[in-house]
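*Asks:* Below you will find the structure I want to go over with you.
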Protein chains: 2
Amino acid sequence: MFSKTCEYAIRAVLYIAQMSKNGDKVSIKSISKGIDSPEHFIAKILQELSKKGLVQSLKGPTGGFYLSEQSKKHSLADIVRAIDGEKIFTGCGLGIGQCSEEFPCPIHNDFKMIRKKLFDLLQKTKVNEFNNQLEMQLAFLKKNHN
Amino acid sequence: MFSKTCEYAIRAVLYIAQMSKNGDKVSIKSISKGIDSPEHFIAKILQELSKKGLVQSLKGPTGGFYLSEQSKKHSLADIVRAIDGEKIFTGCGLGIGQCSEEFPCPIHNDFKMIRKKLFDLLQKTKVNEFNNQLEMQLAFLKKNHN
DNA sequence: ATTATAAAAGATATTTTTATCTTTTATTAA
DNA sequence: TTAATAAAAGATAAAAATATCTTTTATAAT
Ligand code: FES
Ligand code: FES
């Protein structure tokens, strides 16, 4: 569905949202452990998200990642778009050049609806809306949550 | 959504279904042109589908690919499973080790429904059901259909 | 000012996916 | 039975995704 990079990205942002909700900053080490991803790889991904304004960061001691008020309101769709691009939202399910009504692939009509539902889900879901569930361990960002 | 390999695979099988419906066999060259895919690459993919019994083939002059009565009844889900595996049907949208009710990721409930709808679509869709649409150019398997 | 810290940036490596090329095998037609 | 045809099989290559390592820059604490 999403690239691995994108999966990491979403999980990282949700983790930052939860861990920084009281003004703390979150280190790459903490994120890497918190979502069970390779440390250097998630660092690269966050660099990219930071450039695109989806997360904020500060260097140096007491530094780390956090979310501005604006970033807290971003949707999962924004993250997916930043990492994987538009393809999943607008592309043809069978990979013919373009998805269009004029020259539809065989599954166009059904696929379009599913694609739309996926988009709606991601669009309506904001990155800060799971803070409590995550804290209360009703939702998880990695397999082994000990 | 699907790997490029899987997209080619589905398009190839739909193409074979349509082109072989009157008992003809379809060559790799024809398939490659018909779905706009690299010739050697689609050859490899069809080899795999052939091994798994999703398409039939015969070597030599007048040889080519075709579908047995059984293969005509296969679903798109069968093809996806053969090429991309189960992940898209059962895996977690955020890529945590496993999708489970006990340790759900934040989007588990919504994602599960979309995943299910996708599966249902692919499961109910049989490879021979587009023959007429394809023939009448009401559906397409490549961008430039001239 | 100096040192320690942590992210940014840049370089490199590995793995997987996608694609191509060559040789072999099966089948048919002549 | 020979030659031609077309897929199967195997080997290799190129590109993209994933992962790691090193150096630099910004910031804060001392
Ligand atoms: S053309 Fe394939 S999904 Fe629209
Ligand atoms: S745990 Fe993520 S989709 Fe089920």
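The chains in the structure tokens are called A, B, ... from first to last as shown; in each chain the residues are counted from 1, and the ligands are counted from 1 in the order shown.
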Mind listing as an MDAnalysis selection string which residues of chain D are within 10 Å of chain A, counting only C-alpha atoms (C1' of nucleotides)?
*Replies:* chainID D and resid 17:21 25:29
*Asks:* Let me see if you get this right: every residue at most 7 Å from ligand 1, counting only C-alpha atoms (C1' of nucleotides) and all ligand atoms, written as a PyMOL selection string.
*Replies:* chain A and resi 91-96+98-101+103-109+111-112
*Asks:* Export, as a CSV table (one decimal), in the first residue's frame, the selected residues with N, CA, C and O atoms.
*Replies:*
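Full text of result.csv as output:
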```
chain,number,residue,atom,x,y,z
A,91,GLY,N,-3.7,7.7,-9.0
A,91,GLY,CA,-3.2,6.8,-10.0
A,91,GLY,C,-4.1,5.6,-10.3
A,91,GLY,O,-5.0,5.3,-9.6
A,92,CYS,N,-3.9,5.0,-11.5
A,92,CYS,CA,-4.7,3.9,-11.9
A,92,CYS,C,-4.3,2.6,-11.1
A,92,CYS,O,-3.1,2.4,-11.0
A,93,GLY,N,-5.2,1.9,-10.7
A,93,GLY,CA,-4.9,0.6,-10.0
A,93,GLY,C,-4.2,-0.4,-10.8
A,93,GLY,O,-3.4,-1.2,-10.2
A,94,LEU,N,-4.3,-0.4,-12.1
A,94,LEU,CA,-3.6,-1.3,-12.9
A,94,LEU,C,-2.4,-0.7,-13.6
A,94,LEU,O,-1.8,-1.3,-14.5
A,95,GLY,N,-2.1,0.5,-13.2
A,95,GLY,CA,-0.8,1.2,-13.7
A,95,GLY,C,-0.8,1.6,-15.1
A,95,GLY,O,0.3,1.8,-15.7
A,96,ILE,N,-2.0,1.7,-15.7
A,96,ILE,CA,-1.9,2.3,-17.1
A,96,ILE,C,-1.7,3.8,-16.9
A,96,ILE,O,-2.0,4.4,-15.9
A,98,GLN,N,-2.5,6.8,-17.1
A,98,GLN,CA,-3.2,7.8,-16.3
A,98,GLN,C,-4.6,7.2,-16.0
A,98,GLN,O,-5.2,6.4,-16.8
A,99,CYS,N,-5.1,7.5,-14.9
A,99,CYS,CA,-6.5,7.1,-14.6
A,99,CYS,C,-7.4,8.2,-15.2
A,99,CYS,O,-7.3,9.4,-14.9
A,100,SER,N,-8.3,7.8,-16.0
A,100,SER,CA,-9.3,8.7,-16.6
A,100,SER,C,-10.6,8.1,-16.9
A,100,SER,O,-10.7,6.9,-17.1
A,101,GLU,N,-11.6,8.9,-16.9
A,101,GLU,CA,-13.0,8.5,-17.3
A,101,GLU,C,-13.1,8.1,-18.7
A,101,GLU,O,-13.9,7.3,-19.1
A,103,PHE,N,-10.7,6.9,-20.8
A,103,PHE,CA,-10.1,5.6,-21.1
A,103,PHE,C,-9.8,4.8,-19.9
A,103,PHE,O,-8.7,4.6,-19.5
A,104,PRO,N,-10.9,4.3,-19.3
A,104,PRO,CA,-10.8,3.6,-18.0
A,104,PRO,C,-10.2,2.2,-18.1
A,104,PRO,O,-10.5,1.6,-19.1
A,105,CYS,N,-9.4,1.8,-17.2
A,105,CYS,CA,-9.0,0.4,-17.1
A,105,CYS,C,-10.2,-0.4,-16.6
A,105,CYS,O,-11.2,0.2,-16.1
A,106,PRO,N,-10.2,-1.7,-16.7
A,106,PRO,CA,-11.3,-2.5,-16.4
A,106,PRO,C,-11.9,-2.3,-15.0
A,106,PRO,O,-13.1,-2.4,-14.8
A,107,ILE,N,-11.0,-2.1,-14.0
A,107,ILE,CA,-11.5,-2.0,-12.7
A,107,ILE,C,-11.7,-0.5,-12.2
A,107,ILE,O,-11.9,-0.3,-11.0
A,108,HIS,N,-11.6,0.4,-13.2
A,108,HIS,CA,-11.6,1.8,-12.8
A,108,HIS,C,-12.7,2.2,-11.9
A,108,HIS,O,-12.5,2.8,-10.8
A,109,ASN,N,-14.0,1.8,-12.1
A,109,ASN,CA,-15.1,2.3,-11.3
A,109,ASN,C,-15.0,1.9,-9.9
A,109,ASN,O,-15.1,2.7,-8.9
A,111,PHE,N,-12.3,0.6,-8.4
A,111,PHE,CA,-11.1,1.0,-7.8
A,111,PHE,C,-11.2,2.5,-7.3
A,111,PHE,O,-10.7,2.9,-6.2
A,112,LYS,N,-11.8,3.3,-8.1
A,112,LYS,CA,-11.9,4.7,-7.8
A,112,LYS,C,-12.5,4.9,-6.5
A,112,LYS,O,-12.1,5.8,-5.7
```
*Asks:* Which one is closest to chain A: B:Tyr15, B:Phe119, B:Phe2, B:Tyr66? Count only C-alpha atoms.
*Replies:*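 Among the listed residues, the smallest separation from chain A belongs to B:Phe2.
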*Asks:* Residues of chain C within 7 Å of chain B: nearest atom pair and distance (Å, one decimal) for each, counting only C-alpha atoms (C1' of nucleotides), sorted by chain and number, as a Markdown table?
*Replies:*
```
| residue | atom | partner | partner_atom | distance |
| --- | --- | --- | --- | --- |
| C:DA19 | C1' | B:Phe41 | CA | 6.2 |
| C:DT20 | C1' | B:His40 | CA | 6.8 |
| C:DA26 | C1' | B:Lys59 | CA | 5.7 |
| C:DT27 | C1' | B:Gly60 | CA | 4.3 |
| C:DT28 | C1' | B:Pro61 | CA | 5.3 |
```
*Asks:* Would you work out the distance separating atom CA of Thr125 of chain B from atom CA of Ile88 of chain A, expressed in Å to one decimal?
*Replies:*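 So the answer is 20.9 Å.
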*Asks:* Would you write out, as a tab-separated table, a table of all residues in chain A that have an atom no more than 9 Å from an atom of ligand 2, listing for each the closest atom pair and the distance in Å to one decimal, considering only C-alpha atoms and all ligand atoms and ordering rows by chain and rising residue number?
*Replies:*
```
residue	atom	partner	partner_atom_place_in_ligand_line	distance
A:Ala139	CA	ligand 2	1 (S)	8.5
A:Phe140	CA	ligand 2	1 (S)	7.9
A:Leu141	CA	ligand 2	2 (Fe)	8.5
```
*Asks:* Determine the nearest neighbour of chain B from the options A:Lys51, A:Lys29, A:Arg11, A:Arg81, counting only C-alpha atoms.
*Replies:*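 Of A:Lys51, A:Lys29, A:Arg11, A:Arg81, the one nearest chain B is A:Arg11, counting only C-alpha atoms.
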*Asks:* With a distance cut-off of 12 Å and only C-alpha atoms (C1' of nucleotides), select the neighbouring residues of DA8 of chain D, excluding the residue or stretch itself and same-chain residues fewer than 2 positions from it, and output the selection as a ChimeraX atom specification.
*Replies:* /B:43-48,50-51,57-60 /C:23-26 /D:6,10
*Asks:* What's the separation between atom CA of Ala17 of chain B and atom CA of Asn128 of chain B, in Å to one decimal place?
*Replies:*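 Separating atom CA of Ala17 of chain B from atom CA of Asn128 of chain B is a distance of 5.6 Å.
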*Asks:* What separation in Å, quoted to one decimal, exists between atom C1' of DT22 of chain C and atom C1' of DA14 of chain D?
*Replies:*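 Going from atom C1' of DT22 of chain C over to atom C1' of DA14 of chain D covers 17.3 Å.
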